[in-house]
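Trainee: Structure file target22.pdb, PDB, C-alpha atoms, is pasted below:
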MODEL        1
ATOM      1  CA  MET A   1      -3.163  41.641-109.492
ATOM      2  CA  THR A   2      -3.479  44.275-112.216
ATOM      3  CA  GLU A   3       0.022  43.451-113.434
ATOM      4  CA  ASP A   4      -0.773  39.719-113.516
ATOM      5  CA  LEU A   5      -3.982  40.367-115.455
ATOM      6  CA  GLY A   6      -2.124  42.514-117.965
ATOM      7  CA  ARG A   7       0.539  39.850-118.440
ATOM      8  CA  ARG A   8      -2.097  37.174-118.950
ATOM      9  CA  ARG A   9      -3.890  39.286-121.555
ATOM     10  CA  THR A  10      -0.608  39.868-123.363
ATOM     11  CA  GLU A  11       0.169  36.142-123.287
ATOM     12  CA  ALA A  12      -3.321  35.368-124.585
ATOM     13  CA  SER A  13      -2.903  37.825-127.463
ATOM     14  CA  LEU A  14       0.492  36.412-128.407
ATOM     15  CA  ALA A  15      -0.838  32.864-128.162
ATOM     16  CA  THR A  16      -3.790  33.815-130.357
ATOM     17  CA  GLU A  17      -1.503  35.199-133.052
ATOM     18  CA  ARG A  18       0.813  32.198-132.963
ATOM     19  CA  LEU A  19      -1.927  29.580-132.927
ATOM     20  CA  ARG A  20      -3.844  31.388-135.655
ATOM     21  CA  SER A  21      -0.723  31.414-137.811
ATOM     22  CA  GLU A  22      -0.103  27.702-137.241
ATOM     23  CA  ILE A  23      -3.695  26.838-138.154
ATOM     24  CA  VAL A  24      -3.825  29.077-141.236
ATOM     25  CA  THR A  25      -0.472  27.841-142.553
ATOM     26  CA  GLY A  26      -1.432  24.210-141.948
ATOM     27  CA  VAL A  27       1.140  23.482-139.249
ATOM     28  CA  VAL A  28      -1.760  22.325-137.094
ATOM     29  CA  ALA A  29      -3.982  20.096-139.230
ATOM     30  CA  PRO A  30      -7.740  20.481-139.727
ATOM     31  CA  GLY A  31      -9.677  18.429-137.195
ATOM     32  CA  ALA A  32      -6.697  18.078-134.850
ATOM     33  CA  LYS A  33      -7.429  18.213-131.147
ATOM     34  CA  LEU A  34      -5.746  21.137-129.434
ATOM     35  CA  LYS A  35      -3.769  19.598-126.600
ATOM     36  CA  LEU A  36      -3.380  22.542-124.280
ATOM     37  CA  VAL A  37      -0.760  20.857-122.103
ATOM     38  CA  SER A  38       1.663  20.248-124.961
ATOM     39  CA  LEU A  39       0.882  23.613-126.545
ATOM     40  CA  ALA A  40       1.533  25.350-123.229
ATOM     41  CA  GLU A  41       4.922  23.661-123.022
ATOM     42  CA  ARG A  42       5.775  24.547-126.604
ATOM     43  CA  TYR A  43       4.650  28.167-126.231
ATOM     44  CA  ALA A  44       6.158  28.437-122.721
ATOM     45  CA  ILE A  45       2.962  29.826-121.197
ATOM     46  CA  SER A  46       0.250  28.539-118.872
ATOM     47  CA  ARG A  47      -2.922  26.856-120.077
ATOM     48  CA  GLY A  48      -5.149  29.783-119.091
ATOM     49  CA  PRO A  49      -3.992  32.168-121.852
ATOM     50  CA  LEU A  50      -4.031  29.277-124.335
ATOM     51  CA  ARG A  51      -7.623  28.471-123.452
ATOM     52  CA  GLU A  52      -8.507  32.111-124.010
ATOM     53  CA  ALA A  53      -6.670  32.072-127.348
ATOM     54  CA  ALA A  54      -8.567  28.983-128.484
ATOM     55  CA  THR A  55     -11.855  30.621-127.509
ATOM     56  CA  ARG A  56     -10.978  33.711-129.547
ATOM     57  CA  LEU A  57     -10.125  31.579-132.567
ATOM     58  CA  ALA A  58     -13.413  29.728-132.192
ATOM     59  CA  ALA A  59     -15.132  33.084-132.712
ATOM     60  CA  GLU A  60     -13.103  33.456-135.922
ATOM     61  CA  GLY A  61     -14.154  30.057-137.266
ATOM     62  CA  LEU A  62     -10.714  28.459-137.022
ATOM     63  CA  VAL A  63     -11.426  26.372-133.916
ATOM     64  CA  THR A  64     -14.461  24.456-132.690
ATOM     65  CA  ILE A  65     -15.450  24.004-129.050
ATOM     66  CA  GLU A  66     -16.488  20.501-128.018
ATOM     67  CA  ASP A  67     -18.677  20.147-124.935
ATOM     68  CA  GLN A  68     -16.576  18.759-122.090
ATOM     69  CA  ARG A  69     -13.865  17.789-124.588
ATOM     70  CA  GLY A  70     -11.935  20.970-125.147
ATOM     71  CA  PHE A  71     -10.982  22.455-128.495
ATOM     72  CA  ARG A  72     -10.377  21.139-131.982
ATOM     73  CA  VAL A  73      -9.116  22.797-135.170
ATOM     74  CA  ALA A  74     -12.044  23.452-137.491
ATOM     75  CA  ALA A  75     -12.502  20.826-140.190
ATOM     76  CA  ILE A  76     -12.433  21.660-143.896
ATOM     77  CA  SER A  77     -14.805  20.686-146.677
ATOM     78  CA  ARG A  78     -15.779  21.620-150.209
ATOM     79  CA  GLU A  79     -19.017  23.099-148.878
ATOM     80  CA  ASP A  80     -17.179  25.198-146.317
ATOM     81  CA  LEU A  81     -14.737  26.517-148.927
ATOM     82  CA  LEU A  82     -17.610  27.569-151.177
ATOM     83  CA  ASP A  83     -19.426  29.172-148.247
ATOM     84  CA  VAL A  84     -16.306  31.092-147.213
ATOM     85  CA  THR A  85     -15.687  32.176-150.813
ATOM     86  CA  GLN A  86     -19.232  33.375-151.444
ATOM     87  CA  THR A  87     -19.394  35.259-148.160
ATOM     88  CA  ARG A  88     -16.000  36.804-148.805
ATOM     89  CA  GLN A  89     -17.165  37.907-152.253
ATOM     90  CA  ARG A  90     -20.061  39.812-150.705
ATOM     91  CA  ILE A  91     -18.064  41.420-147.906
ATOM     92  CA  GLU A  92     -14.880  42.209-149.827
ATOM     93  CA  ILE A  93     -16.771  43.641-152.795
ATOM     94  CA  LEU A  94     -18.799  45.839-150.436
ATOM     95  CA  ALA A  95     -15.570  47.088-148.863
ATOM     96  CA  LEU A  96     -13.957  47.585-152.285
ATOM     97  CA  ARG A  97     -16.867  49.729-153.493
ATOM     98  CA  ASP A  98     -16.572  51.996-150.469
ATOM     99  CA  SER A  99     -12.789  52.045-150.719
ATOM    100  CA  ILE A 100     -12.885  53.191-154.342
ATOM    101  CA  ALA A 101     -15.423  55.872-153.438
ATOM    102  CA  HIS A 102     -13.304  57.265-150.604
ATOM    103  CA  GLY A 103      -9.757  56.494-151.718
ATOM    104  CA  ASP A 104      -7.333  59.364-152.305
ATOM    105  CA  LEU A 105      -4.032  59.587-154.169
ATOM    106  CA  ALA A 106      -2.176  58.012-151.272
ATOM    107  CA  TRP A 107      -4.559  55.043-151.444
ATOM    108  CA  GLU A 108      -3.962  54.701-155.192
ATOM    109  CA  GLY A 109      -0.216  54.695-154.586
ATOM    110  CA  ARG A 110      -0.536  52.066-151.872
ATOM    111  CA  VAL A 111      -2.602  49.805-154.134
ATOM    112  CA  MET A 112      -0.223  50.018-157.074
ATOM    113  CA  ALA A 113       2.861  49.614-154.869
ATOM    114  CA  ALA A 114       1.366  46.486-153.304
ATOM    115  CA  CYS A 115       0.469  45.200-156.752
ATOM    116  CA  HIS A 116       4.015  45.742-157.973
ATOM    117  CA  MET A 117       5.511  43.930-154.997
ATOM    118  CA  LEU A 118       3.159  40.982-155.452
ATOM    119  CA  GLU A 119       3.967  40.757-159.154
ATOM    120  CA  ARG A 120       7.666  40.429-158.330
ATOM    121  CA  VAL A 121       7.137  37.347-156.151
ATOM    122  CA  THR A 122       4.281  35.634-158.018
ATOM    123  CA  THR A 123       5.097  32.349-159.755
ATOM    124  CA  PRO A 124       2.980  30.784-162.538
ATOM    125  CA  ASP A 125       1.423  28.233-160.195
ATOM    126  CA  LEU A 126      -0.116  28.005-156.743
ATOM    127  CA  ASP A 127       3.211  27.649-154.958
ATOM    128  CA  GLN A 128       3.203  30.031-152.008
ATOM    129  CA  ASN A 129       6.366  31.088-150.266
ATOM    130  CA  GLU A 130       6.373  33.506-147.373
ATOM    131  CA  ASP A 131       6.977  36.524-149.620
ATOM    132  CA  PHE A 132       3.954  35.647-151.737
ATOM    133  CA  ARG A 133       1.745  35.182-148.684
ATOM    134  CA  ARG A 134       2.767  38.524-147.244
ATOM    135  CA  HIS A 135       2.429  40.586-150.427
ATOM    136  CA  HIS A 136      -0.771  38.832-151.485
ATOM    137  CA  GLY A 137      -2.352  39.769-148.170
ATOM    138  CA  GLU A 138      -1.024  43.319-148.413
ATOM    139  CA  LEU A 139      -2.589  43.861-151.843
ATOM    140  CA  HIS A 140      -6.016  42.591-150.845
ATOM    141  CA  GLU A 141      -5.802  44.737-147.714
ATOM    142  CA  ALA A 142      -4.689  47.787-149.693
ATOM    143  CA  LEU A 143      -7.606  47.491-152.111
ATOM    144  CA  VAL A 144     -10.141  47.950-149.306
ATOM    145  CA  ALA A 145      -8.033  50.169-147.035
ATOM    146  CA  ALA A 146      -9.998  53.353-147.833
ATOM    147  CA  CYS A 147     -13.312  51.812-146.774
ATOM    148  CA  PRO A 148     -14.521  54.074-143.928
ATOM    149  CA  SER A 149     -16.495  51.362-142.117
ATOM    150  CA  GLN A 150     -14.531  49.073-139.816
ATOM    151  CA  TYR A 151     -17.055  46.235-139.724
ATOM    152  CA  PRO A 152     -16.642  45.061-143.339
ATOM    153  CA  LEU A 153     -12.880  45.278-142.876
ATOM    154  CA  ARG A 154     -12.956  43.144-139.733
ATOM    155  CA  PHE A 155     -15.160  40.509-141.340
ATOM    156  CA  ARG A 156     -13.026  40.555-144.489
ATOM    157  CA  GLU A 157      -9.888  39.947-142.455
ATOM    158  CA  ARG A 158     -11.414  36.864-140.833
ATOM    159  CA  LEU A 159     -12.709  35.527-144.136
ATOM    160  CA  TYR A 160      -9.315  36.109-145.738
ATOM    161  CA  ALA A 161      -7.665  33.966-143.055
ATOM    162  CA  LEU A 162     -10.224  31.201-143.579
ATOM    163  CA  SER A 163      -9.719  31.176-147.346
ATOM    164  CA  GLN A 164      -5.947  31.467-147.023
ATOM    165  CA  ARG A 165      -5.949  28.317-144.909
ATOM    166  CA  TYR A 166      -7.336  26.378-147.865
ATOM    167  CA  ARG A 167      -4.671  27.788-150.176
ATOM    168  CA  ASN A 168      -1.908  26.873-147.738
ATOM    169  CA  LEU A 169      -3.261  23.372-147.139
ATOM    170  CA  ALA A 170      -3.420  22.823-150.889
ATOM    171  CA  ALA A 171       0.155  24.017-151.347
ATOM    172  CA  ASN A 172       1.275  21.709-148.524
ATOM    173  CA  SER A 173      -0.590  18.648-149.783
ATOM    174  CA  ALA A 174       0.853  18.244-153.278
ATOM    175  CA  PRO A 175       3.234  19.805-155.809
ATOM    176  CA  PRO A 176       1.932  23.115-157.186
ATOM    177  CA  ILE A 177      -0.362  23.024-160.202
ATOM    178  CA  ARG A 178       1.332  24.918-162.989
ATOM    179  CA  GLY A 179      -0.158  26.834-165.872
ATOM    180  CA  GLN A 180      -3.672  27.046-164.413
ATOM    181  CA  ARG A 181      -4.015  30.826-164.381
ATOM    182  CA  ASP A 182      -2.299  34.185-164.618
ATOM    183  CA  VAL A 183      -2.362  35.119-160.934
ATOM    184  CA  ALA A 184      -0.274  38.265-161.374
ATOM    185  CA  GLY A 185      -2.460  39.374-164.267
ATOM    186  CA  GLU A 186      -5.638  38.899-162.256
ATOM    187  CA  HIS A 187      -4.369  41.051-159.406
ATOM    188  CA  GLN A 188      -3.035  43.678-161.811
ATOM    189  CA  ALA A 189      -6.414  43.895-163.550
ATOM    190  CA  ILE A 190      -8.278  44.361-160.266
ATOM    191  CA  ALA A 191      -5.848  47.028-159.063
ATOM    192  CA  GLU A 192      -5.916  48.967-162.332
ATOM    193  CA  ALA A 193      -9.712  49.055-162.425
ATOM    194  CA  ALA A 194      -9.825  50.140-158.787
ATOM    195  CA  VAL A 195      -7.460  53.100-159.150
ATOM    196  CA  ALA A 196      -9.214  54.062-162.410
ATOM    197  CA  ARG A 197     -12.424  54.299-160.310
ATOM    198  CA  ASP A 198     -14.138  51.772-162.570
ATOM    199  CA  VAL A 199     -16.206  50.326-159.742
ATOM    200  CA  GLU A 200     -18.214  47.728-161.630
ATOM    201  CA  THR A 201     -15.207  46.329-163.492
ATOM    202  CA  ALA A 202     -13.075  46.180-160.345
ATOM    203  CA  CYS A 203     -15.828  44.413-158.398
ATOM    204  CA  GLU A 204     -16.531  41.960-161.209
ATOM    205  CA  ARG A 205     -12.849  41.122-161.524
ATOM    206  CA  LEU A 206     -12.520  40.610-157.770
ATOM    207  CA  HIS A 207     -15.626  38.394-157.744
ATOM    208  CA  ASN A 208     -14.236  36.256-160.574
ATOM    209  CA  HIS A 209     -10.775  36.133-159.012
ATOM    210  CA  LEU A 210     -12.100  34.734-155.734
ATOM    211  CA  ALA A 211     -14.385  32.268-157.519
ATOM    212  CA  ARG A 212     -11.538  31.071-159.723
ATOM    213  CA  THR A 213      -9.347  30.389-156.698
ATOM    214  CA  ALA A 214     -12.024  28.179-155.148
ATOM    215  CA  ASP A 215     -12.640  26.391-158.453
ATOM    216  CA  VAL A 216      -8.936  25.634-158.915
ATOM    217  CA  LEU A 217      -8.570  24.345-155.358
ATOM    218  CA  ILE A 218     -11.564  22.028-155.712
ATOM    219  CA  ALA A 219     -10.573  20.740-159.157
ATOM    220  CA  ALA A 220      -6.813  20.461-158.706
ATOM    221  CA  TYR A 221      -6.573  19.291-155.097
ATOM    222  CA  PRO A 222      -9.301  16.653-154.571
ATOM    223  CA  MET A 223      -7.186  15.026-151.858
ATOM    224  CA  LEU A 224      -7.840  18.102-149.754
ATOM    225  CA  PHE A 225     -11.498  17.138-149.501
ATOM    226  CA  GLY A 226     -11.030  13.392-149.144
ATOM    227  CA  SER A 227     -11.885  12.433-152.720
ATOM    228  CA  ALA A 228      -9.814  10.800-155.407
ATOM    229  CA  SER A 229      -8.953  12.541-158.632
TER     230      SER A 229
ENDMDL
END
Can I see the file as structure tokens?

Mentor:
Amino acid sequence: MTEDLGRRRTEASLATERLRSEIVTGVVAPGAKLKLVSLAERYAISRGPLREAATRLAAEGLVTIEDQRGFRVAAISREDLLDVTQTRQRIEILALRDSIAHGDLAWEGRVMAACHMLERVTTPDLDQNEDFRRHHGELHEALVAACPSQYPLRFRERLYALSQRYRNLAANSAPPIRGQRDVAGEHQAIAEAAVARDVETACERLHNHLARTADVLIAAYPMLFGSAS
């Protein structure tokens, strides 16, 4: 029994990671009903671990639970994007302040290394290949890595996934918008201020960076929110 329980927990964790990835990358569309039978066949697991995975993702805001109807991928909206962005600004800036205060030389090196790797794969548009996604996430994670409190980091991670879903859906919905912003420059400016221990400048630049992303998504990808350009 203990072995079966352990296997089920492992299957639930793996299913959570896979389903989260498919939702965040847009493989599973917003508002889509999660058909556990077909998902179980595709993932080669039973419905029990999948149900547990969907429940976990509901706690993260990626899935909604419908009374007596199962699970559905969370819908998207302009209002939700702004809410996610504003909440992320508060949490990530809080974590960045603490990270700058507690970061050591190893933290500085991690931040600048992540910044360098991201710069090498950044294109002058919102096109996002797998390398960009990975290094973009690594830089934002590195910036707050020295924060000693785990709660802001956990909340930030969830908010990052929610905001990244919008970026991925935008990239999937239309050709990339070119010439809108200097993405590499924005990240470089945040990183440089952070390692220079210029707290206010780093936080202001991060705040503006997150706001600018939301503004570009809303202005450049109206089809994402069901409105015509």

Trainee: Using all atoms listed in the file, which protein or nucleic acid residues come within 9 Å of Asp131 in chain A? Drop anything in the same chain fewer than 5 positions from it, and give the result as a list of chain:residue names.

Mentor: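 That gives A:Leu118, A:Val121, A:Thr122, A:His136.
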
Trainee: Report as a list in words the full result of the PyMOL selection byres ((chain A and resi 100-116) around 6) when it is applied to this structure.

Mentor: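 That selection, the PyMOL selection byres ((chain A and resi 100-116) around 6), comes back as Arg97, Asp98, Ser99, Met117, Leu118, Glu119, Leu139, Ala142, Leu143, Ala146 and Val195 of chain A.
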
Trainee: What lies within 6 Å of Ser77 in chain A using all atoms listed in the file, ignoring chain neighbours under 2 positions off, as a compact mmCIF listing (two decimals) with C-alpha atoms, in the frame of the given file?

Mentor:
# COMPACT_ATOMS: atom_id res chain seq x y z
CA GLU A 79 -19.02 23.10 -148.88
CA ASP A 80 -17.18 25.20 -146.32
CA PHE A 225 -11.50 17.14 -149.50

Trainee: Give as a ChimeraX atom specification the residues that the PyMOL selection byres ((chain A and resi 164-172) around 6) matches when applied to the coordinates above.

Mentor: /A:24-26,127,160-163,173-174

Trainee: Just want the 10 Å neighbourhood of Leu57 in chain A, counted on only C-alpha atoms, with same-chain residues fewer than 5 positions away dropped. Output as a PyMOL selection string.

Mentor: chain A and resi 16-17+19-20+23+51-52+62-65+73-74+158

Trainee: Closest to Arg18 in chain A among A:Leu224, A:Ile190, A:Ala54, A:Val84, using all atoms listed in the file?

Mentor: A:Ala54

Trainee: Work out how far CA of Ala75 in chain A is from CA of Val28 in chain A, in Å to one decimal.

Mentor: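 Pair CA of Val28 in chain A / CA of Ala75 in chain A returns 11.3 Å.
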
Trainee: Rank A:Arg197, A:Arg78, A:Arg72, A:Arg9 by their smallest atom-to-atom distance to Ile45 in chain A, using all atoms listed in the file, and report the top residue only.

Mentor: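 That would be A:Arg9, the residue with the smallest distance to Ile45 in chain A.
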
Trainee: At a cut-off of 8 Å, can you tabulate as JSON lines every residue of range 78-156 of chain A near range 198-211 of chain A together with its closest atom pair and the distance in Å to one decimal, using only C-alpha atoms and ordering rows by chain then number?

Mentor:
{"residue": "A:Thr85", "atom": "CA", "partner": "A:Leu210", "partner_atom": "CA", "distance": 6.6}
{"residue": "A:Gln86", "atom": "CA", "partner": "A:Ala211", "partner_atom": "CA", "distance": 7.9}
{"residue": "A:Gln89", "atom": "CA", "partner": "A:His207", "partner_atom": "CA", "distance": 5.7}
{"residue": "A:Ile93", "atom": "CA", "partner": "A:Cys203", "partner_atom": "CA", "distance": 5.7}
{"residue": "A:Leu96", "atom": "CA", "partner": "A:Cys203", "partner_atom": "CA", "distance": 7.1}
{"residue": "A:Arg97", "atom": "CA", "partner": "A:Val199", "partner_atom": "CA", "distance": 6.3}
{"residue": "A:Ile100", "atom": "CA", "partner": "A:Val199", "partner_atom": "CA", "distance": 7.0}

Trainee: Generate the output file for the selected residues, C-alpha atoms, as an mmCIF file, keeping the file's coordinate frame.

Mentor:
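See out.cif below for the written result:
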data_model
loop_
_atom_site.group_PDB
_atom_site.id
_atom_site.type_symbol
_atom_site.label_atom_id
_atom_site.label_comp_id
_atom_site.auth_asym_id
_atom_site.auth_seq_id
_atom_site.Cartn_x
_atom_site.Cartn_y
_atom_site.Cartn_z
ATOM 1 C CA THR A 85 -15.687 32.176 -150.813
ATOM 2 C CA GLN A 86 -19.232 33.375 -151.444
ATOM 3 C CA GLN A 89 -17.165 37.907 -152.253
ATOM 4 C CA ILE A 93 -16.771 43.641 -152.795
ATOM 5 C CA LEU A 96 -13.957 47.585 -152.285
ATOM 6 C CA ARG A 97 -16.867 49.729 -153.493
ATOM 7 C CA ILE A 100 -12.885 53.191 -154.342
#
